>>> print(open('target-v2.tsv').read())   # TSV, C-alpha atoms
chain	number	residue	atom	x	y	z
A	19	MET	CA	-16.87	12.61	17.08
A	20	LEU	CA	-15.17	10.62	14.33
A	21	LYS	CA	-11.82	9.19	15.40
A	22	GLY	CA	-9.22	7.01	13.75
A	23	ARG	CA	-6.90	4.48	15.34
A	24	ILE	CA	-3.26	5.15	14.50
A	25	HIS	CA	-0.65	2.46	15.06
A	26	SER	CA	2.38	4.72	14.50
A	27	ILE	CA	3.57	7.81	12.63
A	28	GLU	CA	6.69	8.35	10.54
A	29	THR	CA	7.48	12.05	10.31
A	30	MET	CA	10.16	12.16	7.62
A	31	GLY	CA	9.20	9.26	5.38
A	32	LEU	CA	11.04	8.87	2.09
A	33	LEU	CA	9.71	5.52	0.85
A	34	ASP	CA	5.92	5.78	0.91
A	35	GLY	CA	5.21	8.19	-1.91
A	36	PRO	CA	7.01	11.12	-3.55
A	37	GLY	CA	9.11	13.59	-1.59
A	38	ILE	CA	9.29	13.88	2.19
A	39	ARG	CA	6.12	12.63	3.84
A	40	THR	CA	4.31	12.23	7.12
A	41	VAL	CA	3.12	8.62	7.08
A	42	PHE	CA	0.16	7.62	9.23
A	43	PHE	CA	0.10	3.85	9.78
A	44	LEU	CA	-3.48	2.97	10.66
A	45	GLN	CA	-4.39	0.12	12.97
A	46	GLY	CA	-6.31	-2.90	11.72
A	47	CYS	CA	-5.96	-5.29	8.79
A	48	PRO	CA	-8.10	-8.25	7.66
A	49	LEU	CA	-5.26	-9.83	5.68
A	50	ARG	CA	-2.88	-12.32	7.25
A	51	CYS	CA	-0.04	-12.11	4.78
A	52	LYS	CA	2.55	-14.79	5.50
A	53	TYR	CA	5.36	-12.27	5.14
A	54	CYS	CA	3.75	-9.42	7.12
A	55	HIS	CA	6.37	-7.66	9.25
A	56	ASN	CA	3.79	-5.75	11.32
A	57	PRO	CA	1.41	-8.33	12.85
A	58	ASP	CA	0.90	-5.88	15.70
A	59	THR	CA	-1.26	-3.80	13.32
A	60	TRP	CA	-3.77	-6.60	12.65
A	61	HIS	CA	-6.20	-6.15	15.52
A	62	GLN	CA	-7.96	-3.34	17.39
A	63	GLY	CA	-5.75	-0.91	19.26
A	64	GLY	CA	-3.56	2.04	18.47
A	65	GLU	CA	-3.88	5.65	19.57
A	66	GLU	CA	-7.05	7.55	18.73
A	67	TYR	CA	-6.86	10.74	16.67
A	68	THR	CA	-9.61	13.07	15.53
A	69	VAL	CA	-9.39	14.46	12.00
A	70	ASP	CA	-8.41	17.87	13.37
A	71	GLU	CA	-5.64	16.33	15.48
A	72	LEU	CA	-4.26	14.42	12.50
A	73	VAL	CA	-4.28	17.49	10.25
A	74	SER	CA	-2.69	19.61	12.97
A	75	PHE	CA	0.09	17.02	13.32
A	76	ALA	CA	0.67	16.89	9.57
A	77	LYS	CA	0.85	20.68	9.27
A	78	ARG	CA	3.83	20.82	11.64
A	79	TYR	CA	5.94	19.24	8.89
A	80	ARG	CA	4.58	21.29	6.00
A	81	PRO	CA	7.94	23.14	5.52
A	82	TYR	CA	9.55	19.79	4.61
A	83	TYR	CA	6.91	18.75	2.07
A	84	LYS	CA	7.71	21.45	-0.49
A	85	LYS	CA	6.16	20.71	-3.90
A	86	THR	CA	6.29	16.91	-3.94
A	87	GLY	CA	5.91	15.74	-0.34
A	88	GLY	CA	2.85	15.44	1.84
A	89	VAL	CA	0.88	12.87	3.81
A	90	THR	CA	0.55	9.13	3.20
A	91	PHE	CA	-2.09	6.88	4.74
A	92	SER	CA	-0.80	3.36	5.20
A	93	GLY	CA	-1.38	0.47	7.58
A	94	GLY	CA	-2.26	-2.13	8.59
A	95	GLU	CA	-4.85	-1.44	5.96
A	96	ALA	CA	-5.94	2.19	5.77
A	97	LEU	CA	-9.22	1.44	3.97
A	98	MET	CA	-10.49	-0.54	6.95
A	99	GLN	CA	-11.05	2.91	8.45
A	100	GLY	CA	-12.44	4.31	5.22
A	101	GLU	CA	-14.77	6.90	6.73
A	102	PHE	CA	-12.01	8.41	8.87
A	103	VAL	CA	-9.51	8.35	6.00
A	104	LEU	CA	-12.00	10.07	3.70
A	105	GLU	CA	-12.70	12.90	6.15
A	106	ALA	CA	-8.99	13.29	6.92
A	107	ILE	CA	-8.16	13.52	3.22
A	108	LYS	CA	-10.86	16.15	2.70
A	109	ALA	CA	-9.38	18.23	5.53
A	110	LEU	CA	-5.82	17.84	4.23
A	111	LYS	CA	-6.82	18.89	0.73
A	112	LYS	CA	-8.36	22.06	2.15
A	113	GLU	CA	-4.86	22.79	3.47
A	114	ASN	CA	-3.39	22.08	0.00
A	115	ILE	CA	-1.46	19.09	1.33
A	116	HIS	CA	-0.58	16.34	-1.15
A	117	VAL	CA	-2.11	12.98	-0.19
A	118	ALA	CA	-1.02	9.43	-1.03
A	119	LEU	CA	-2.80	6.21	-0.10
A	120	ASP	CA	-0.94	2.93	0.40
A	121	THR	CA	-3.44	0.07	0.21
A	122	SER	CA	-4.02	-3.52	-0.82
A	123	GLY	CA	-7.58	-2.58	-1.76
A	124	VAL	CA	-9.43	-4.19	1.14
A	125	GLY	CA	-11.73	-2.23	3.41
A	126	GLN	CA	-14.96	-0.26	3.64
A	127	THR	CA	-16.12	-0.45	0.04
A	128	GLN	CA	-18.71	2.33	0.35
A	129	PHE	CA	-15.94	4.93	0.68
A	130	TYR	CA	-13.71	3.80	-2.22
A	131	ASP	CA	-15.11	6.10	-4.91
A	132	GLU	CA	-14.98	9.29	-2.84
A	133	ILE	CA	-11.51	8.55	-1.52
A	134	LEU	CA	-10.13	7.88	-4.99
A	135	LYS	CA	-11.48	11.21	-6.27
A	136	LEU	CA	-9.18	13.00	-3.81
A	137	VAL	CA	-5.99	10.91	-3.68
A	138	ASP	CA	-2.98	12.37	-5.54
A	139	VAL	CA	-0.91	9.18	-5.68
A	140	LEU	CA	-2.12	5.63	-5.10
A	141	LEU	CA	0.36	3.04	-3.87
A	142	LEU	CA	-1.37	-0.21	-4.78
A	143	ASP	CA	0.03	-3.32	-3.11
A	144	ILE	CA	-0.54	-6.35	-5.35
A	145	LYS	CA	-0.17	-9.43	-3.15
A	146	HIS	CA	-0.58	-11.90	-6.01
A	147	TYR	CA	-2.21	-11.96	-9.43
A	148	ASP	CA	-3.68	-15.49	-9.06
A	149	THR	CA	-6.88	-16.02	-7.04
A	150	ALA	CA	-5.79	-19.27	-5.37
A	151	GLU	CA	-2.27	-18.04	-4.65
A	152	TYR	CA	-3.67	-14.79	-3.27
A	153	ARG	CA	-5.81	-16.69	-0.76
A	154	ASP	CA	-2.89	-18.94	0.21
A	155	LEU	CA	-0.64	-15.93	0.76
A	156	THR	CA	-3.11	-13.64	2.55
A	157	GLY	CA	-5.67	-15.98	4.10
A	158	VAL	CA	-8.63	-14.17	2.50
A	159	SER	CA	-10.51	-14.08	-0.79
A	160	MET	CA	-9.41	-11.78	-3.58
A	161	LYS	CA	-13.01	-10.55	-4.04
A	162	TRP	CA	-12.41	-7.52	-1.81
A	163	THR	CA	-9.41	-6.41	-3.84
A	164	LYS	CA	-11.34	-7.02	-7.07
A	165	SER	CA	-14.06	-4.68	-5.80
A	166	PHE	CA	-11.45	-1.98	-5.23
A	167	MET	CA	-9.98	-2.55	-8.68
A	168	GLU	CA	-13.39	-1.86	-10.19
A	169	SER	CA	-13.56	1.50	-8.39
A	170	LEU	CA	-10.01	2.19	-9.53
A	171	LYS	CA	-11.12	2.28	-13.17
A	172	GLN	CA	-12.45	5.80	-12.51
A	173	TYR	CA	-9.21	6.99	-10.88
A	174	LYS	CA	-7.43	9.80	-12.75
A	175	ASN	CA	-4.11	10.28	-10.96
A	176	LYS	CA	-0.79	8.46	-10.57
A	177	ILE	CA	-0.46	4.85	-9.50
A	178	TRP	CA	2.59	3.14	-8.03
A	179	ILE	CA	2.35	-0.65	-8.07
A	180	ARG	CA	4.05	-2.44	-5.19
A	181	HIS	CA	4.74	-6.15	-4.90
A	182	VAL	CA	6.60	-8.08	-2.22
A	183	MET	CA	8.70	-10.72	-3.96
A	184	VAL	CA	9.04	-13.94	-1.98
A	185	PRO	CA	11.60	-16.56	-3.08
A	186	GLY	CA	9.88	-19.50	-4.71
A	187	VAL	CA	6.63	-17.59	-5.16
A	188	THR	CA	6.99	-14.78	-7.71
A	189	ASP	CA	10.74	-14.54	-8.31
A	190	ASN	CA	10.51	-15.33	-12.02
A	191	TYR	CA	9.79	-13.58	-15.31
A	192	TYR	CA	6.45	-15.33	-15.81
A	193	ALA	CA	5.20	-13.86	-12.54
A	194	MET	CA	6.39	-10.40	-13.52
A	195	ASN	CA	4.54	-10.62	-16.82
A	196	GLN	CA	1.40	-11.81	-15.04
A	197	LEU	CA	1.73	-9.03	-12.47
A	198	LEU	CA	1.82	-6.41	-15.20
A	199	SER	CA	-1.01	-8.10	-17.06
A	200	SER	CA	-3.19	-7.99	-13.93
A	201	VAL	CA	-3.01	-4.17	-13.84
A	202	HIS	CA	-2.81	-3.49	-17.58
A	203	VAL	CA	-6.17	-1.73	-17.65
A	204	TYR	CA	-4.65	1.07	-15.53
A	205	ILE	CA	-1.42	1.28	-17.53
A	206	LYS	CA	-1.79	4.95	-18.49
A	207	ASN	CA	-1.88	5.90	-14.80
A	208	ILE	CA	0.94	3.63	-13.62
A	209	GLU	CA	4.07	5.67	-13.02
A	210	LYS	CA	6.26	2.92	-11.62
A	211	ILE	CA	6.38	-0.60	-10.24
A	212	GLU	CA	8.31	-1.36	-7.08
A	213	ILE	CA	9.47	-4.91	-6.40
A	214	LEU	CA	10.07	-5.10	-2.66
A	215	PRO	CA	12.32	-7.97	-1.55
A	216	TYR	CA	10.89	-10.20	1.18
A	217	HIS	CA	12.74	-9.77	4.48
A	218	ARG	CA	12.54	-11.23	7.97
A	219	LEU	CA	12.82	-8.05	10.06
A	220	GLY	CA	9.49	-8.58	11.82
A	221	VAL	CA	9.92	-12.24	12.75
A	222	ASP	CA	10.59	-11.52	16.44
A	223	LYS	CA	7.18	-9.84	16.74
A	224	TYR	CA	5.47	-13.14	16.00
A	225	SER	CA	7.01	-14.93	18.96
A	226	GLU	CA	6.27	-11.93	21.18
A	227	LEU	CA	2.61	-12.05	20.12
A	228	GLY	CA	2.38	-15.85	20.30
A	229	ILE	CA	1.73	-16.18	16.55
A	230	SER	CA	3.25	-18.88	14.34
A	231	TYR	CA	5.46	-17.52	11.56
A	232	LEU	CA	4.69	-19.50	8.41
A	233	LEU	CA	7.77	-18.64	6.33
A	234	ASN	CA	10.45	-19.83	8.72
A	235	ASP	CA	12.11	-21.94	6.04
A	236	VAL	CA	12.08	-19.20	3.40
A	237	PRO	CA	15.29	-17.15	3.01
A	238	GLU	CA	15.22	-13.41	2.46
A	239	MET	CA	14.86	-12.32	-1.14
A	240	ASP	CA	18.18	-11.32	-2.67
A	241	LYS	CA	17.99	-7.54	-3.19
A	242	THR	CA	20.04	-7.62	-6.39
A	243	GLN	CA	17.72	-10.21	-7.87
A	244	ALA	CA	14.68	-8.19	-6.87
A	245	GLU	CA	16.18	-5.11	-8.53
A	246	MET	CA	16.78	-7.15	-11.69
A	247	TYR	CA	13.12	-8.17	-11.84
A	248	GLN	CA	12.07	-4.60	-11.08
A	249	ASP	CA	14.16	-3.32	-14.00
A	250	TYR	CA	12.60	-5.96	-16.22
A	251	VAL	CA	8.99	-5.20	-15.34
A	252	MET	CA	9.61	-1.45	-15.54
A	253	ASN	CA	11.03	-1.87	-19.05
A	254	GLN	CA	7.94	-3.87	-19.99
A	255	LEU	CA	5.74	-1.17	-18.50
A	256	MET	CA	7.44	1.61	-20.45
A	257	HIS	CA	7.20	-0.41	-23.64
A	258	GLN	CA	3.49	-1.09	-23.18
A	259	LYS	CA	2.80	2.54	-22.27
A	260	SER	CA	4.50	3.67	-25.49
A	261	ILE	CA	2.28	1.34	-27.50
A	262	ALA	CA	-0.84	2.47	-25.64
A	263	VAL	CA	-0.28	6.17	-26.47
>>> encode(input="target-v2.tsv", output="C-alpha cells")
Amino acid sequence: MLKGRIHSIETMGLLDGPGIRTVFFLQGCPLRCKYCHNPDTWHQGGEEYTVDELVSFAKRYRPYYKKTGGVTFSGGEALMQGEFVLEAIKALKKENIHVALDTSGVGQTQFYDEILKLVDVLLLDIKHYDTAEYRDLTGVSMKWTKSFMESLKQYKNKIWIRHVMVPGVTDNYYAMNQLLSSVHVYIKNIEKIEILPYHRLGVDKYSELGISYLLNDVPEMDKTQAEMYQDYVMNQLMHQKSIAV
C-alpha cells in the first residue's frame, strides 16, 4: 500500500496558499539550503500516512476551506514523494478540495506532468536565478529545477513565486530584475511574488542535530526592506503583464 512520510501538519494555515488551508509538510529534501529553518525534514523519518488517511484528515477541516481554502503540500520537498503526492491530489480532487503545491522543483521527475495537470495553485520557491549561486546556496545543481521548469511550461493555473531574501545575496534591485526575468516565460500565470525575509528562527535545530549552521554571521533580513523589494518586483510584474496582454 502506498504511503507517504509526513513531517508535520498545520491545520489552519494562512500563509501557504489562498484562504484557510491544511498544510502537509512532507519529510525529505535533497537541498541543503544555507538558510533552511527545518533541517529536521532533510532525511528519512516522519509519520506514515496512506492516501485515504491523508484525505480523511483533510476533510475534517473542509468547513473552514470555503471557496478559496484547501490543502497545500509542502516540505521538506513534496516532489521527493511524487507518486504519493500525485495519488493524494487525485483523491482530494475527487472530493472537490482545492490543492496547492509548494515546491522548489526538485524531486521525482516522472510525476511532474501529471501533478501539474491537477494543481490549482503552484507556490514556486526560486532559490536563486544564477546557476553558480544556486549551487552555492543549496548544495546541489540547478538541473533538477530546470527540468521542473520545462514541465511547468504546460501548466495552466496560478503561480505564486516565492524567494527568500538573504542580506548580501539578493537584497538589491538587480537581483529582483533577474528573478523576474528567470520566470518571465510564465508571466501570464504568475499572480504574485512573495519576498520572504531571511530569519534565524531555526538556528537552534542545527546544534540539536549536530549540523554546522553556515550563516552565523549573517543578520536577519530587515522586513521593511524586504517589503520594499517585494513592492518593486510586484510593480514590475504588473507592468510586464500589461504589456504581454
>>> residues_around(input="target-v2.tsv", residues="Phe166 in chain A", least_positions_apart="3", cutoff="8 Å", atoms="only C-alpha atoms", output="PDB file with C-alpha atoms, keeping the file's coordinate frame")
ATOM      1  CA  GLY A 123      -7.580  -2.580  -1.760  1.00  0.00           C
ATOM      2  CA  VAL A 124      -9.430  -4.190   1.140  1.00  0.00           C
ATOM      3  CA  THR A 127     -16.120  -0.450   0.040  1.00  0.00           C
ATOM      4  CA  TYR A 130     -13.710   3.800  -2.220  1.00  0.00           C
ATOM      5  CA  TRP A 162     -12.410  -7.520  -1.810  1.00  0.00           C
ATOM      6  CA  THR A 163      -9.410  -6.410  -3.840  1.00  0.00           C
ATOM      7  CA  SER A 169     -13.560   1.500  -8.390  1.00  0.00           C
ATOM      8  CA  LEU A 170     -10.010   2.190  -9.530  1.00  0.00           C
TER       9      LEU A 170
END
>>> atom_distance(input="target-v2.tsv", atom1="CA of Met183 in chain A", atom2="CA of Phe129 in chain A")
29.6 Å
>>> residues_around(input="target-v2.tsv", residues="range 74-80 of chain A", least_positions_apart="6", cutoff="9 Å", atoms="all atoms listed in the file", output="MDAnalysis selection string")
chainID A and resid 29:30 39:41 87:89 110 113 115
>>> atom_distance(input="target-v2.tsv", atom1="CA of Leu119 in chain A", atom2="CA of Ala150 in chain A")
26.2 Å
>>> atom_distance(input="target-v2.tsv", atom1="CA of Phe42 in chain A", atom2="CA of Phe91 in chain A")
5.1 Å
>>> closest_atom_pairs(input="target-v2.tsv", of="range 115-154 of chain A", to="range 98-106 of chain A", cutoff="6 Å", atoms="all atoms listed in the file", output="Markdown table")
| residue | atom | partner | partner_atom | distance |
| --- | --- | --- | --- | --- |
| A:Gly125 | CA | A:Met98 | CA | 4.1 |
| A:Gln126 | CA | A:Gly100 | CA | 5.5 |
| A:Phe129 | CA | A:Gly100 | CA | 5.8 |
| A:Ile133 | CA | A:Leu104 | CA | 5.5 |
>>> closest_residue(input="target-v2.tsv", among="A:Lys210, A:Lys259, A:His217, A:Lys145", to="Lys176 in chain A", atoms="all atoms listed in the file")
A:Lys210
>>> residues_around(input="target-v2.tsv", residues="Asn207 in chain A", least_positions_apart="4", cutoff="10 Å", atoms="all atoms listed in the file", output="ChimeraX atom specification")
/A:139-140,173-178,202-203,259
>>> closest_residue(input="target-v2.tsv", among="A:Gln248, A:Thr59, A:Ser92, A:Gln45", to="Leu227 in chain A", atoms="all atoms listed in the file")
A:Thr59
>>> closest_residue(input="target-v2.tsv", among="A:Asp235, A:Asp58, A:Glu209, A:Asp70", to="Arg180 in chain A", atoms="only C-alpha atoms")
A:Glu209
>>> residues_around(input="target-v2.tsv", residues="Thr86 in chain A", least_positions_apart="2", cutoff="8 Å", atoms="all atoms listed in the file", output="JSON, numbers by chain")
{"A": [36, 37, 38, 83, 84, 88, 116]}
>>> residues_around(input="target-v2.tsv", residues="Ser200 in chain A", least_positions_apart="6", cutoff="12 Å", atoms="all atoms listed in the file", output="number ranges by chain")
A: 144-149, 163-164, 167, 179, 193-194
>>> write_last_selection(input="target-v2.tsv", atoms="C-alpha atoms", output="short mmCIF file (atom, residue, chain, number, x, y, z; two decimals), keeping the file's coordinate frame")
data_model
loop_
_atom_site.label_atom_id
_atom_site.label_comp_id
_atom_site.auth_asym_id
_atom_site.auth_seq_id
_atom_site.Cartn_x
_atom_site.Cartn_y
_atom_site.Cartn_z
CA ILE A 144 -0.54 -6.35 -5.35
CA LYS A 145 -0.17 -9.43 -3.15
CA HIS A 146 -0.58 -11.90 -6.01
CA TYR A 147 -2.21 -11.96 -9.43
CA ASP A 148 -3.68 -15.49 -9.06
CA THR A 149 -6.88 -16.02 -7.04
CA THR A 163 -9.41 -6.41 -3.84
CA LYS A 164 -11.34 -7.02 -7.07
CA MET A 167 -9.98 -2.55 -8.68
CA ILE A 179 2.35 -0.65 -8.07
CA ALA A 193 5.20 -13.86 -12.54
CA MET A 194 6.39 -10.40 -13.52
#
>>> axis_aligned_box(input="target-v2.tsv", around="range 39-47 of chain A", padding_each_side="4 Å", output="AutoDock Vina command-line options")
--center_x -0.1 --center_y 3.7 --center_z 8.4 --size_x 20.4 --size_y 25.9 --size_z 17.1
>>> closest_atom_pairs(input="target-v2.tsv", of="range 35-139 of chain A", to="range 156-160 of chain A", cutoff="12 Å", atoms="only C-alpha atoms", output="JSON lines")
{"residue": "A:Cys47", "atom": "CA", "partner": "A:Thr156", "partner_atom": "CA", "distance": 10.8}
{"residue": "A:Pro48", "atom": "CA", "partner": "A:Val158", "partner_atom": "CA", "distance": 7.9}
{"residue": "A:Leu49", "atom": "CA", "partner": "A:Thr156", "partner_atom": "CA", "distance": 5.4}
{"residue": "A:Arg50", "atom": "CA", "partner": "A:Thr156", "partner_atom": "CA", "distance": 4.9}
{"residue": "A:Cys51", "atom": "CA", "partner": "A:Thr156", "partner_atom": "CA", "distance": 4.1}
{"residue": "A:Lys52", "atom": "CA", "partner": "A:Thr156", "partner_atom": "CA", "distance": 6.5}
{"residue": "A:Tyr53", "atom": "CA", "partner": "A:Thr156", "partner_atom": "CA", "distance": 9.0}
{"residue": "A:Cys54", "atom": "CA", "partner": "A:Thr156", "partner_atom": "CA", "distance": 9.3}
{"residue": "A:Ser122", "atom": "CA", "partner": "A:Met160", "partner_atom": "CA", "distance": 10.2}
{"residue": "A:Gly123", "atom": "CA", "partner": "A:Met160", "partner_atom": "CA", "distance": 9.6}
{"residue": "A:Val124", "atom": "CA", "partner": "A:Met160", "partner_atom": "CA", "distance": 8.9}
>>> decode(input="target-v2.tsv", residues="range 77-134 of chain A", atoms="C-alpha atoms", output="CSV table (one decimal), in the first residue's frame")
chain,number,residue,atom,x,y,z
A,77,LYS,CA,-11.9,16.5,5.1
A,78,ARG,CA,-12.2,17.3,8.8
A,79,TYR,CA,-11.4,20.9,8.1
A,80,ARG,CA,-13.5,21.3,5.0
A,81,PRO,CA,-15.9,23.7,6.7
A,82,TYR,CA,-13.0,26.2,7.1
A,83,TYR,CA,-11.9,26.0,3.5
A,84,LYS,CA,-15.0,27.6,2.0
A,85,LYS,CA,-14.4,28.8,-1.6
A,86,THR,CA,-10.7,29.7,-1.5
A,87,GLY,CA,-9.0,27.4,1.0
A,88,GLY,CA,-8.0,23.8,0.8
A,89,VAL,CA,-4.9,21.6,1.1
A,90,THR,CA,-1.2,22.5,0.5
A,91,PHE,CA,1.6,20.0,0.0
A,92,SER,CA,4.9,21.4,1.3
A,93,GLY,CA,8.1,20.1,2.8
A,94,GLY,CA,10.9,19.4,3.0
A,95,GLU,CA,10.4,18.9,-0.7
A,96,ALA,CA,7.0,17.5,-1.6
A,97,LEU,CA,8.1,16.3,-5.0
A,98,MET,CA,10.6,13.9,-3.5
A,99,GLN,CA,7.5,11.8,-2.8
A,100,GLY,CA,6.0,12.5,-6.2
A,101,GLU,CA,4.0,9.2,-6.5
A,102,PHE,CA,2.3,9.7,-3.2
A,103,VAL,CA,1.6,13.4,-3.8
A,104,LEU,CA,0.1,12.6,-7.2
A,105,GLU,CA,-2.3,9.9,-5.8
A,106,ALA,CA,-3.2,12.1,-2.8
A,107,ILE,CA,-4.0,15.0,-5.1
A,108,LYS,CA,-6.2,12.8,-7.3
A,109,ALA,CA,-8.1,11.7,-4.2
A,110,LEU,CA,-8.5,15.3,-3.0
A,111,LYS,CA,-9.8,16.5,-6.3
A,112,LYS,CA,-12.5,13.8,-6.3
A,113,GLU,CA,-13.6,15.4,-3.0
A,114,ASN,CA,-13.6,18.8,-4.8
A,115,ILE,CA,-10.9,20.1,-2.4
A,116,HIS,CA,-8.6,22.9,-3.7
A,117,VAL,CA,-4.9,21.8,-3.9
A,118,ALA,CA,-1.8,23.9,-3.8
A,119,LEU,CA,1.8,22.7,-4.2
A,120,ASP,CA,4.7,24.4,-2.5
A,121,THR,CA,8.0,23.3,-4.2
A,122,SER,CA,11.4,24.2,-5.3
A,123,GLY,CA,11.0,21.9,-8.3
A,124,VAL,CA,13.3,19.1,-7.2
A,125,GLY,CA,12.0,15.5,-7.0
A,126,GLN,CA,10.7,12.5,-8.9
A,127,THR,CA,10.6,14.0,-12.4
A,128,GLN,CA,8.4,11.2,-13.9
A,129,PHE,CA,5.4,12.6,-11.9
A,130,TYR,CA,5.8,16.3,-12.7
A,131,ASP,CA,3.5,16.5,-15.7
A,132,GLU,CA,0.6,14.6,-14.1
A,133,ILE,CA,0.8,16.5,-10.8
A,134,LEU,CA,0.9,19.9,-12.6
